[in-house]
$ cat model_7.cif   # mmCIF, C-alpha atoms and all ligand atoms
data_query
loop_
_atom_site.label_atom_id
_atom_site.label_comp_id
_atom_site.auth_asym_id
_atom_site.auth_seq_id
_atom_site.Cartn_x
_atom_site.Cartn_y
_atom_site.Cartn_z
CA MET J 412 277.60 219.41 -25.55
CA GLU J 413 277.33 216.03 -23.89
CA GLN J 414 274.52 215.80 -21.37
CA THR J 415 275.49 214.63 -17.88
CA THR J 416 273.32 212.03 -16.23
CA GLU J 417 272.83 212.08 -12.48
CA HIS J 418 272.56 208.74 -10.71
CA VAL J 419 270.65 208.20 -7.45
CA ARG J 420 269.86 205.15 -5.32
CA CYS J 421 266.24 206.02 -4.74
CA LEU J 422 264.15 208.23 -6.98
CA ILE J 423 260.64 209.23 -5.93
CA ILE J 424 258.26 210.79 -8.43
CA GLY J 425 255.34 212.68 -6.95
CA SER J 426 254.74 214.97 -4.00
CA GLY J 427 251.42 213.93 -2.50
CA PRO J 428 251.16 212.04 0.79
CA ALA J 429 252.54 208.87 -0.84
CA GLY J 430 255.61 210.58 -2.31
CA PHE J 431 256.55 212.56 0.79
CA THR J 432 255.94 209.67 3.16
CA ALA J 433 258.22 207.57 0.96
CA GLY J 434 260.68 210.48 1.21
CA ILE J 435 260.56 210.48 5.02
CA TYR J 436 261.19 206.73 5.25
CA ALA J 437 263.80 206.60 2.49
CA GLY J 438 265.58 209.60 4.01
CA ARG J 439 265.65 208.01 7.46
CA ALA J 440 266.99 204.80 5.89
CA ASN J 441 269.93 206.76 4.44
CA LEU J 442 268.93 206.15 0.85
CA SER J 443 269.55 209.83 -0.05
CA PRO J 444 266.26 209.97 -1.95
CA VAL J 445 265.63 212.51 -4.66
CA LEU J 446 261.98 213.47 -5.11
CA TYR J 447 260.51 215.31 -8.08
CA GLU J 448 257.38 217.19 -7.17
CA GLY J 449 255.62 217.08 -10.52
CA MET J 450 253.02 219.27 -12.13
CA GLN J 451 251.03 219.91 -8.96
CA PRO J 452 253.44 220.18 -6.01
CA GLY J 453 251.70 218.78 -2.95
CA GLY J 454 249.30 216.76 -5.08
CA GLN J 455 245.52 216.62 -5.05
CA LEU J 456 245.20 217.66 -1.41
CA THR J 457 246.28 221.16 -2.29
CA THR J 458 243.00 221.55 -4.17
CA THR J 459 240.77 220.67 -1.23
CA THR J 460 239.97 222.97 1.65
CA ASP J 461 240.28 221.45 5.12
CA ILE J 462 241.41 217.89 5.79
CA GLU J 463 239.65 216.50 8.81
CA ASN J 464 240.14 212.79 8.32
CA PHE J 465 243.93 212.50 8.44
CA PRO J 466 244.80 210.99 11.83
CA GLY J 467 246.69 213.31 14.12
CA TYR J 468 244.95 216.59 13.30
CA PRO J 469 242.00 216.76 15.72
CA ASP J 470 241.12 220.28 14.59
CA GLY J 471 241.68 219.59 10.89
CA ILE J 472 244.33 221.18 8.70
CA SER J 473 244.33 222.85 5.31
CA GLY J 474 245.56 220.69 2.44
CA ASN J 475 248.35 223.15 1.67
CA ASP J 476 249.55 223.26 5.28
CA MET J 477 249.56 219.50 5.59
CA MET J 478 251.59 219.08 2.41
CA GLU J 479 254.01 221.78 3.55
CA ASP J 480 254.46 219.89 6.84
CA LEU J 481 255.08 216.64 4.97
CA ARG J 482 257.59 218.35 2.68
CA LYS J 483 259.46 219.78 5.69
CA GLN J 484 259.45 216.41 7.44
CA ALA J 485 260.85 214.65 4.38
CA THR J 486 263.57 217.24 3.72
CA ARG J 487 264.56 217.21 7.40
CA PHE J 488 265.70 213.61 6.89
CA GLY J 489 267.66 214.32 3.74
CA CYS J 490 265.04 213.88 1.05
CA ASP J 491 266.06 216.17 -1.80
CA ALA J 492 262.70 217.55 -3.00
CA ARG J 493 262.98 219.30 -6.33
CA TRP J 494 260.73 221.11 -8.75
CA GLY J 495 260.38 219.22 -11.98
CA VAL J 496 258.06 216.98 -13.92
CA ALA J 497 258.95 213.45 -15.03
CA THR J 498 258.20 213.59 -18.74
CA ALA J 499 259.57 210.25 -19.97
CA ALA J 500 260.74 206.93 -18.58
CA ASP J 501 262.96 204.13 -19.84
CA LEU J 502 262.54 201.11 -17.59
CA SER J 503 263.75 198.63 -20.22
CA ALA J 504 267.11 198.11 -18.50
CA LYS J 505 268.83 198.88 -15.21
CA PRO J 506 269.61 201.46 -14.06
CA TYR J 507 266.16 202.86 -14.72
CA ARG J 508 266.18 206.18 -16.53
CA ILE J 509 263.78 209.08 -16.06
CA THR J 510 263.69 212.32 -18.04
CA ILE J 511 262.81 215.46 -16.11
CA ASP J 512 261.20 218.43 -17.87
CA GLY J 513 262.02 216.95 -21.23
CA GLU J 514 265.78 217.40 -20.81
CA LYS J 515 267.49 216.33 -17.59
CA GLN J 516 268.38 212.63 -17.40
CA ILE J 517 268.45 210.87 -14.07
CA THR J 518 269.10 207.19 -13.47
CA CYS J 519 268.20 205.27 -10.34
CA ASP J 520 268.64 201.89 -8.66
CA SER J 521 265.16 201.99 -7.18
CA LEU J 522 262.12 203.94 -8.29
CA ILE J 523 258.99 204.87 -6.33
CA ILE J 524 256.16 206.01 -8.56
CA ALA J 525 253.75 208.19 -6.58
CA THR J 526 252.35 210.29 -9.39
CA GLY J 527 248.75 210.15 -8.21
CA ALA J 528 245.58 210.44 -10.20
CA THR J 529 243.65 213.35 -11.53
CA ALA J 530 239.91 213.65 -11.03
CA LYS J 531 238.06 214.29 -14.23
CA TYR J 532 236.01 217.46 -14.47
CA LEU J 533 233.33 218.41 -16.95
CA GLY J 534 235.40 221.30 -18.28
CA LEU J 535 233.04 224.10 -17.24
CA GLN J 536 234.32 227.57 -16.33
CA ASP J 537 232.17 227.42 -13.19
CA GLU J 538 234.04 224.39 -11.87
CA VAL J 539 237.14 226.57 -11.70
CA LYS J 540 235.24 229.60 -10.39
CA TYR J 541 233.72 227.66 -7.47
CA GLN J 542 236.66 225.31 -6.73
CA GLY J 543 236.86 225.02 -2.94
CA MET J 544 233.60 227.03 -2.69
CA GLY J 545 231.14 224.25 -3.32
CA VAL J 546 232.82 222.22 -6.06
CA SER J 547 234.64 219.05 -5.05
CA ALA J 548 235.74 215.78 -6.58
CA CYS J 549 235.93 213.89 -3.29
CA ALA J 550 232.86 213.24 -1.15
CA THR J 551 234.83 211.46 1.56
CA CYS J 552 237.10 214.52 1.87
CA ASP J 553 234.53 217.28 1.72
CA GLY J 554 231.11 215.72 2.40
CA PHE J 555 231.22 216.63 6.06
CA PHE J 556 230.90 220.33 5.18
CA TYR J 557 227.48 219.65 3.66
CA ARG J 558 225.67 218.21 6.65
CA LYS J 559 221.93 218.90 6.38
CA LYS J 560 222.50 220.66 3.06
CA LYS J 561 221.59 219.83 -0.52
CA VAL J 562 224.20 218.43 -2.84
CA ALA J 563 224.49 217.02 -6.34
CA VAL J 564 226.77 214.26 -7.59
CA VAL J 565 227.57 214.08 -11.29
CA GLY J 566 228.03 210.62 -12.81
CA GLY J 567 226.32 207.27 -12.99
CA GLY J 568 229.16 204.83 -12.29
CA ASP J 569 230.18 203.01 -9.12
CA THR J 570 232.09 206.00 -7.80
CA ALA J 571 229.09 208.32 -8.23
CA CYS J 572 226.80 205.82 -6.50
CA GLU J 573 229.26 205.32 -3.65
CA GLU J 574 229.68 209.06 -3.22
CA ALA J 575 225.92 209.64 -3.37
CA ALA J 576 225.32 206.89 -0.80
CA TYR J 577 228.01 208.34 1.46
CA LEU J 578 226.65 211.87 1.12
CA SER J 579 223.08 210.71 1.77
CA GLY J 580 224.16 209.94 5.33
CA LEU J 581 225.23 213.54 5.84
CA ALA J 582 223.28 215.79 3.53
CA GLU J 583 219.59 216.54 3.64
CA HIS J 584 219.20 215.60 0.00
CA VAL J 585 221.40 214.26 -2.77
CA TYR J 586 220.69 214.65 -6.48
CA MET J 587 222.52 212.42 -8.93
CA ILE J 588 223.00 214.06 -12.31
CA VAL J 589 223.20 211.25 -14.86
CA ARG J 590 223.52 211.99 -18.56
CA LYS J 591 222.10 208.65 -19.79
CA PRO J 592 218.67 207.14 -19.07
CA PHE J 593 220.38 204.46 -16.93
CA LEU J 594 223.19 204.01 -14.41
CA ARG J 595 226.41 202.33 -15.40
CA ALA J 596 227.19 201.20 -11.85
CA SER J 597 227.07 197.60 -10.60
CA GLN J 598 223.55 196.36 -9.77
CA ILE J 599 224.17 196.37 -6.04
CA MET J 600 225.16 200.04 -6.10
CA GLN J 601 222.23 200.92 -8.34
CA ASP J 602 219.87 199.24 -5.89
CA ARG J 603 221.44 201.04 -2.98
CA VAL J 604 220.99 204.54 -4.42
CA GLN J 605 217.53 203.77 -5.76
CA GLU J 606 216.39 202.53 -2.37
CA THR J 607 217.76 205.53 -0.46
CA PRO J 608 214.88 207.94 0.19
CA ASN J 609 216.94 211.14 0.17
CA ILE J 610 218.64 210.41 -3.17
CA THR J 611 216.91 211.56 -6.36
CA ILE J 612 218.37 210.38 -9.64
CA LEU J 613 217.98 212.88 -12.45
CA PHE J 614 218.38 210.74 -15.57
CA GLU J 615 219.13 212.36 -18.91
CA HIS J 616 220.32 215.58 -17.28
CA GLU J 617 223.50 217.46 -18.15
CA THR J 618 225.12 220.36 -16.37
CA LEU J 619 225.24 223.75 -18.05
CA GLY J 620 226.70 225.76 -15.19
CA LEU J 621 226.54 226.75 -11.54
CA TYR J 622 225.27 229.87 -9.86
CA GLY J 623 225.65 231.63 -6.53
CA ASP J 624 227.13 234.82 -5.11
CA ASN J 625 229.29 233.45 -2.30
CA GLY J 626 229.79 229.86 -3.33
CA VAL J 627 227.51 227.42 -5.06
CA GLU J 628 223.80 228.07 -4.58
CA GLY J 629 222.48 226.03 -7.47
CA VAL J 630 223.05 224.25 -10.74
CA HIS J 631 221.68 224.94 -14.22
CA LEU J 632 220.74 221.67 -15.92
CA ILE J 633 219.41 220.66 -19.29
CA LYS J 634 217.10 217.68 -19.52
CA ARG J 635 216.93 215.49 -22.64
CA LYS J 636 219.29 217.76 -24.54
CA GLY J 637 218.65 217.80 -28.28
CA GLN J 638 215.22 216.11 -27.99
CA SER J 639 211.92 217.77 -28.90
CA ASP J 640 211.00 217.97 -25.20
CA GLU J 641 214.36 219.43 -24.14
CA GLU J 642 213.97 221.46 -20.97
CA LYS J 643 216.16 223.71 -18.81
CA VAL J 644 215.96 223.10 -15.06
CA ASP J 645 217.59 224.90 -12.10
CA ILE J 646 218.10 223.11 -8.81
CA ALA J 647 219.16 224.74 -5.53
CA ILE J 648 222.23 222.98 -4.11
CA ASP J 649 225.12 223.90 -1.81
CA GLY J 650 227.66 221.37 -3.03
CA PHE J 651 228.51 220.01 -6.48
CA PHE J 652 230.51 216.77 -6.51
CA LEU J 653 232.18 215.37 -9.60
CA ALA J 654 232.33 211.59 -9.81
CA ILE J 655 232.93 210.99 -13.48
CA GLY J 656 236.14 209.06 -13.03
CA HIS J 657 239.82 209.55 -12.28
CA LYS J 658 242.76 209.29 -14.58
CA PRO J 659 245.86 207.75 -12.98
CA ASN J 660 249.03 209.59 -13.97
CA SER J 661 250.77 206.53 -15.35
CA ASP J 662 251.15 207.31 -19.06
CA ILE J 663 254.95 207.47 -19.16
CA PHE J 664 255.27 204.01 -17.60
CA LYS J 665 252.75 202.15 -19.71
CA ASP J 666 255.30 200.50 -22.01
CA TYR J 667 257.16 198.94 -19.08
CA ILE J 668 254.82 198.07 -16.25
CA GLU J 669 251.45 196.46 -16.18
CA LEU J 670 248.44 198.76 -15.90
CA ASP J 671 244.79 197.83 -15.48
CA GLU J 672 242.22 198.81 -18.10
CA THR J 673 241.79 202.30 -16.55
CA GLY J 674 245.54 202.92 -16.30
CA TYR J 675 246.13 202.13 -12.61
CA ILE J 676 249.51 200.47 -12.02
CA ARG J 677 249.08 196.82 -11.07
CA THR J 678 250.98 195.83 -7.95
CA THR J 679 251.28 192.54 -6.12
CA PRO J 680 248.21 192.63 -3.86
CA GLY J 681 248.95 194.05 -0.45
CA THR J 682 252.35 195.39 -1.53
CA PRO J 683 253.65 198.30 -3.61
CA ARG J 684 255.70 195.93 -5.85
CA THR J 685 255.30 196.21 -9.60
CA GLN J 686 256.46 193.40 -11.85
CA LEU J 687 259.84 195.17 -12.29
CA ASP J 688 262.56 194.63 -9.69
CA GLY J 689 263.16 197.78 -7.69
CA VAL J 690 260.14 199.66 -9.10
CA PHE J 691 257.35 200.38 -6.64
CA ALA J 692 254.06 202.21 -6.96
CA ALA J 693 252.34 204.00 -4.09
CA GLY J 694 249.24 206.12 -3.60
CA ASP J 695 246.45 206.86 -6.03
CA VAL J 696 248.38 205.86 -9.16
CA ALA J 697 247.99 202.27 -7.99
CA ASP J 698 244.79 202.54 -5.97
CA PRO J 699 241.38 202.53 -7.69
CA HIS J 700 239.62 201.66 -4.43
CA TYR J 701 240.42 203.87 -1.43
CA ARG J 702 242.12 207.01 -2.78
CA GLN J 703 242.61 208.53 0.66
CA ALA J 704 245.55 210.59 1.91
CA VAL J 705 246.12 208.21 4.80
CA THR J 706 246.12 205.08 2.63
CA ALA J 707 248.44 206.83 0.17
CA ALA J 708 250.81 207.74 3.01
CA GLY J 709 250.74 204.14 4.22
CA SER J 710 251.62 202.77 0.81
CA GLY J 711 254.41 205.37 0.45
CA CYS J 712 255.90 204.06 3.68
CA ALA J 713 255.65 200.48 2.41
CA ALA J 714 257.29 201.46 -0.90
CA ALA J 715 260.28 203.03 0.86
CA ILE J 716 260.72 199.98 3.10
CA GLU J 717 260.59 197.75 0.01
CA ALA J 718 263.12 199.98 -1.78
CA GLU J 719 265.50 199.81 1.17
CA ARG J 720 265.24 196.00 1.29
CA TYR J 721 265.72 195.72 -2.45
CA LEU J 722 268.81 197.96 -2.42
CA SER J 723 270.43 196.22 0.52
CA SER J 724 269.74 192.70 -0.71
CA ASN J 725 271.23 193.61 -4.11
CA LYS J 726 274.15 195.53 -2.52
CA LEU J 727 273.21 198.70 -4.42
P1 LIG H 801 233.09 205.06 -14.65
O1 LIG H 801 233.90 205.33 -15.86
O2 LIG H 801 232.63 203.67 -14.38
O3 LIG H 801 231.77 205.96 -14.66
C1 LIG H 801 231.86 207.30 -14.98
C2 LIG H 801 230.45 207.87 -14.94
O4 LIG H 801 230.56 209.27 -15.19
C3 LIG H 801 229.53 207.29 -16.00
O5 LIG H 801 228.20 207.25 -15.52
C4 LIG H 801 229.66 208.30 -17.13
O6 LIG H 801 228.52 208.42 -17.92
C5 LIG H 801 229.80 209.58 -16.35
N1 LIG H 801 230.49 210.59 -17.12
C6 LIG H 801 231.72 210.51 -17.70
N2 LIG H 801 232.02 211.66 -18.32
C7 LIG H 801 230.93 212.47 -18.15
C8 LIG H 801 230.62 213.77 -18.59
N3 LIG H 801 231.49 214.50 -19.31
N4 LIG H 801 229.42 214.27 -18.26
C9 LIG H 801 228.53 213.58 -17.51
N5 LIG H 801 228.76 212.33 -17.07
C10 LIG H 801 229.96 211.79 -17.39
O7 LIG H 801 233.97 205.67 -13.45
P2 LIG H 801 233.94 205.33 -11.90
O8 LIG H 801 234.91 206.26 -11.27
O9 LIG H 801 232.56 205.31 -11.40
O10 LIG H 801 234.52 203.86 -11.81
C11 LIG H 801 235.81 203.53 -12.34
C12 LIG H 801 236.03 202.05 -12.16
O11 LIG H 801 236.22 201.76 -10.77
C13 LIG H 801 234.85 201.21 -12.63
O12 LIG H 801 235.33 200.03 -13.18
C14 LIG H 801 234.10 200.94 -11.37
O13 LIG H 801 233.31 199.77 -11.45
C15 LIG H 801 235.23 200.82 -10.36
N6 LIG H 801 234.77 201.14 -9.02
C16 LIG H 801 234.42 200.12 -8.23
C17 LIG H 801 233.97 200.36 -6.95
C18 LIG H 801 233.61 199.22 -6.11
O14 LIG H 801 233.64 198.11 -6.59
N7 LIG H 801 233.28 199.43 -4.87
C19 LIG H 801 233.85 201.72 -6.42
C20 LIG H 801 234.22 202.73 -7.36
C21 LIG H 801 234.66 202.43 -8.61
P3 LIG H 801 228.20 207.36 -19.10
O15 LIG H 801 227.72 206.12 -18.42
O16 LIG H 801 227.16 208.09 -19.85
O17 LIG H 801 229.48 207.19 -19.87
#
$ encode --input "model_7.cif" --output "structure tokens" --more "lines below"
Ligand code: NDP
Amino acid sequence: MEQTTEHVRCLIIGSGPAGFTAGIYAGRANLSPVLYEGMQPGGQLTTTTDIENFPGYPDGISGNDMMEDLRKQATRFGCDARWGVATAADLSAKPYRITIDGEKQITCDSLIIATGATAKYLGLQDEVKYQGMGVSACATCDGFFYRKKKVAVVGGGDTACEEAAYLSGLAEHVYMIVRKPFLRASQIMQDRVQETPNITILFEHETLGLYGDNGVEGVHLIKRKGQSDEEKVDIAIDGFFLAIGHKPNSDIFKDYIELDETGYIRTTPGTPRTQLDGVFAAGDVADPHYRQAVTAAGSGCAAAIEAERYLSSNKL
């Protein structure tokens, strides 16, 4: 049986703040956008607890509630939000072609990629067990809940140092759990954490697990694993922050648009434009620097405005 291909003017992939904000703007511009929600409808915010730093919510809001509000707002203006994961892309010719769930073909005149990024985790059972109960991959999002408490940050790169420095302004004490005998971060960030009195860097430590009855109460570590002086150490903490890197969800586009060495989509600075006409990238998939809901929403807005201008100037 011949497969039918649907054609749309504006296709949005991703359902975080970038995707839905693009949906609101594209809907209001009469582009009849179709949005595929992807593997994690609502995006990364649905894995955090309360969001207190998104402007407009003075009392905070849960990640799930905020994404539900954004979804409603986008659909109110005609954005067709659908379940489905973009599994392949062919951007070699216009119209651009996306495969959904390995079977459905959809072509589009303009494409907004808002597929986000995924924080890397260590892969421990306890990270799942204590998710939202002391385990977080975003200090800027969740650090506030650990004022005057003890926290640990895993990782020795720039992100880990930035998160540790940020948390040191809130928490009583910050431990950095670093598996090597040195930090990988830039010298300036190394100096900053080393000079901060309430940050202790635990070099050559790896995490074995977490403990606690009602949330995280401590971490089991192993020092100098595999060496003759290997030692197990427990440290009392209230929060466990992962900062071992993010993976942008850009794999299916890599043959067509330029990515940086980590996989973030390269856009013209200050804009969501990729090097392909009519293809825009918004939110964390193109942002190694800020990774905030509000910056993602802003870039989703910009992407929809760009898509509208592209379509009208090309009479599409
Ligand atoms: P990086 O890949 O630079 O660092 C990851 C860190 O996590 C490393 O210390 C690594 O250890 C550690 N790590 C990785 N996997 C594990 C694991 N399984 N167990 C324990 N530790 C682990 O990631 P970042 O997110 O820090 O940075 C990404 C890029 O973004 C970098 O290029 C960075 O410079 C840049 N960046 C720049 C900033 C700025 O300029 N202000 C801010 C933030 C990021 P190991 O060293 O042993 O591999």
$ residues_around --input "model_7.cif" --residues "J:Thr529" --least-positions-apart "5" --cutoff "8 Å" --atoms "only C-alpha atoms" --output "CSV table (one decimal) with C-alpha atoms, keeping the file's coordinate frame"
chain,number,residue,atom,x,y,z
J,455,GLN,CA,245.5,216.6,-5.0
J,657,HIS,CA,239.8,209.6,-12.3
J,658,LYS,CA,242.8,209.3,-14.6
J,659,PRO,CA,245.9,207.8,-13.0
J,660,ASN,CA,249.0,209.6,-14.0
$ residues_around --input "model_7.cif" --residues "J:Ala647" --least-positions-apart "2" --cutoff "9 Å" --atoms "all atoms listed in the file" --output "list of chain:residue names"
J:Lys561, J:Val562, J:Val627, J:Glu628, J:Gly629, J:Val630, J:Asp645, J:Asp649
$ residues_around --input "model_7.cif" --residues "J:Gly689" --least-positions-apart "2" --cutoff "7 Å" --atoms "all atoms listed in the file" --output "PyMOL selection string"
chain J and resi 520-522+687+691+718+721
$ write_last_selection --input "model_7.cif" --atoms "C-alpha atoms" --output "compact mmCIF listing (two decimals), in the coordinates of the input"
# COMPACT_ATOMS: atom_id res chain seq x y z
CA ASP J 520 268.64 201.89 -8.66
CA SER J 521 265.16 201.99 -7.18
CA LEU J 522 262.12 203.94 -8.29
CA LEU J 687 259.84 195.17 -12.29
CA PHE J 691 257.35 200.38 -6.64
CA ALA J 718 263.12 199.98 -1.78
CA TYR J 721 265.72 195.72 -2.45
$ residues_near_ligand --input "model_7.cif" --ligand "ligand LIG 801 (chain H)" --cutoff "9 Å" --atoms "all atoms listed in the file" --output "number ranges by chain"
J: 530-534, 565-574, 588-597, 600, 616-618, 653-657, 672-673, 699-701
$ closest_residue --input "model_7.cif" --among "J:Lys483, J:Lys559, J:Arg603, J:Arg720" --to "J:Leu442" --atoms "all atoms listed in the file"
J:Arg720
$ closest_residue --input "model_7.cif" --among "J:Glu615, J:Asp666, J:Asp512, J:Glu717" --to "J:Cys421" --atoms "only C-alpha atoms"
J:Glu717
$ atom_distance --input "model_7.cif" --atom1 "atom CA of J:Leu535" --atom2 "atom CA of J:Gly620"
6.9 Å
$ residues_around --input "model_7.cif" --residues "stretch 456-471 of chain J" --least-positions-apart "4" --cutoff "10 Å" --atoms "only C-alpha atoms" --output "PDB file with C-alpha atoms, in the frame of the given file"
ATOM      1  CA  GLY J 427     251.420 213.930  -2.500  1.00  0.00           C
ATOM      2  CA  PRO J 428     251.160 212.040   0.790  1.00  0.00           C
ATOM      3  CA  GLN J 451     251.030 219.910  -8.960  1.00  0.00           C
ATOM      4  CA  PRO J 452     253.440 220.180  -6.010  1.00  0.00           C
ATOM      5  CA  ASN J 475     248.350 223.150   1.670  1.00  0.00           C
ATOM      6  CA  ASP J 476     249.550 223.260   5.280  1.00  0.00           C
ATOM      7  CA  MET J 477     249.560 219.500   5.590  1.00  0.00           C
ATOM      8  CA  MET J 478     251.590 219.080   2.410  1.00  0.00           C
ATOM      9  CA  GLU J 479     254.010 221.780   3.550  1.00  0.00           C
ATOM     10  CA  GLN J 542     236.660 225.310  -6.730  1.00  0.00           C
ATOM     11  CA  GLY J 543     236.860 225.020  -2.940  1.00  0.00           C
ATOM     12  CA  MET J 544     233.600 227.030  -2.690  1.00  0.00           C
ATOM     13  CA  VAL J 546     232.820 222.220  -6.060  1.00  0.00           C
ATOM     14  CA  SER J 547     234.640 219.050  -5.050  1.00  0.00           C
ATOM     15  CA  ALA J 548     235.740 215.780  -6.580  1.00  0.00           C
ATOM     16  CA  CYS J 549     235.930 213.890  -3.290  1.00  0.00           C
ATOM     17  CA  THR J 551     234.830 211.460   1.560  1.00  0.00           C
ATOM     18  CA  CYS J 552     237.100 214.520   1.870  1.00  0.00           C
ATOM     19  CA  ASP J 553     234.530 217.280   1.720  1.00  0.00           C
ATOM     20  CA  PHE J 555     231.220 216.630   6.060  1.00  0.00           C
ATOM     21  CA  PHE J 556     230.900 220.330   5.180  1.00  0.00           C
ATOM     22  CA  GLN J 703     242.610 208.530   0.660  1.00  0.00           C
ATOM     23  CA  ALA J 704     245.550 210.590   1.910  1.00  0.00           C
ATOM     24  CA  VAL J 705     246.120 208.210   4.800  1.00  0.00           C
ATOM     25  CA  THR J 706     246.120 205.080   2.630  1.00  0.00           C
ATOM     26  CA  ALA J 708     250.810 207.740   3.010  1.00  0.00           C
TER      27      ALA J 708
END
$ closest_residue --input "model_7.cif" --among "J:Gly449, J:Ile716, J:Ile633, J:Ile663" --to "J:Ile435" --atoms "only C-alpha atoms"
J:Ile716
$ decode --input "model_7.cif" --residues "stretch 640-656 of chain J" --atoms "N, CA and C atoms" --output "compact mmCIF listing (two decimals), in the first residue's frame"
# COMPACT_ATOMS: atom_id res chain seq x y z
N ASP J 640 45.18 1.66 48.27
CA ASP J 640 44.62 2.40 49.41
C ASP J 640 43.15 2.78 49.18
N GLU J 641 42.48 2.01 48.33
CA GLU J 641 41.04 2.26 48.08
C GLU J 641 40.27 2.34 49.41
N GLU J 642 39.31 3.27 49.42
CA GLU J 642 38.61 3.50 50.70
C GLU J 642 37.17 3.88 50.43
N LYS J 643 36.24 3.36 51.23
CA LYS J 643 34.83 3.77 51.10
C LYS J 643 34.53 4.90 52.08
N VAL J 644 33.82 5.90 51.60
CA VAL J 644 33.54 7.09 52.43
C VAL J 644 32.06 7.43 52.29
N ASP J 645 31.39 7.76 53.38
CA ASP J 645 30.01 8.27 53.32
C ASP J 645 30.01 9.74 53.70
N ILE J 646 29.24 10.52 52.99
CA ILE J 646 29.15 11.95 53.31
C ILE J 646 27.67 12.32 53.44
N ALA J 647 27.34 13.04 54.49
CA ALA J 647 25.94 13.49 54.68
C ALA J 647 25.68 14.68 53.76
N ILE J 648 24.69 14.54 52.89
CA ILE J 648 24.27 15.64 52.01
C ILE J 648 22.75 15.62 51.88
N ASP J 649 22.18 16.74 51.46
CA ASP J 649 20.74 16.82 51.24
C ASP J 649 20.40 16.86 49.75
N GLY J 650 21.36 17.28 48.95
CA GLY J 650 21.11 17.38 47.51
C GLY J 650 22.29 16.83 46.72
N PHE J 651 21.96 16.16 45.61
CA PHE J 651 22.98 15.50 44.78
C PHE J 651 22.77 16.00 43.35
N PHE J 652 23.71 16.82 42.87
CA PHE J 652 23.56 17.45 41.56
C PHE J 652 24.50 16.82 40.54
N LEU J 653 23.93 16.40 39.43
CA LEU J 653 24.74 15.86 38.34
C LEU J 653 25.18 16.99 37.42
N ALA J 654 26.46 17.03 37.11
CA ALA J 654 26.94 18.04 36.16
C ALA J 654 28.03 17.39 35.30
N ILE J 655 27.65 16.27 34.70
CA ILE J 655 28.64 15.52 33.92
C ILE J 655 28.38 15.67 32.42
N GLY J 656 27.65 16.70 32.09
CA GLY J 656 27.44 17.00 30.68
C GLY J 656 26.00 16.78 30.23
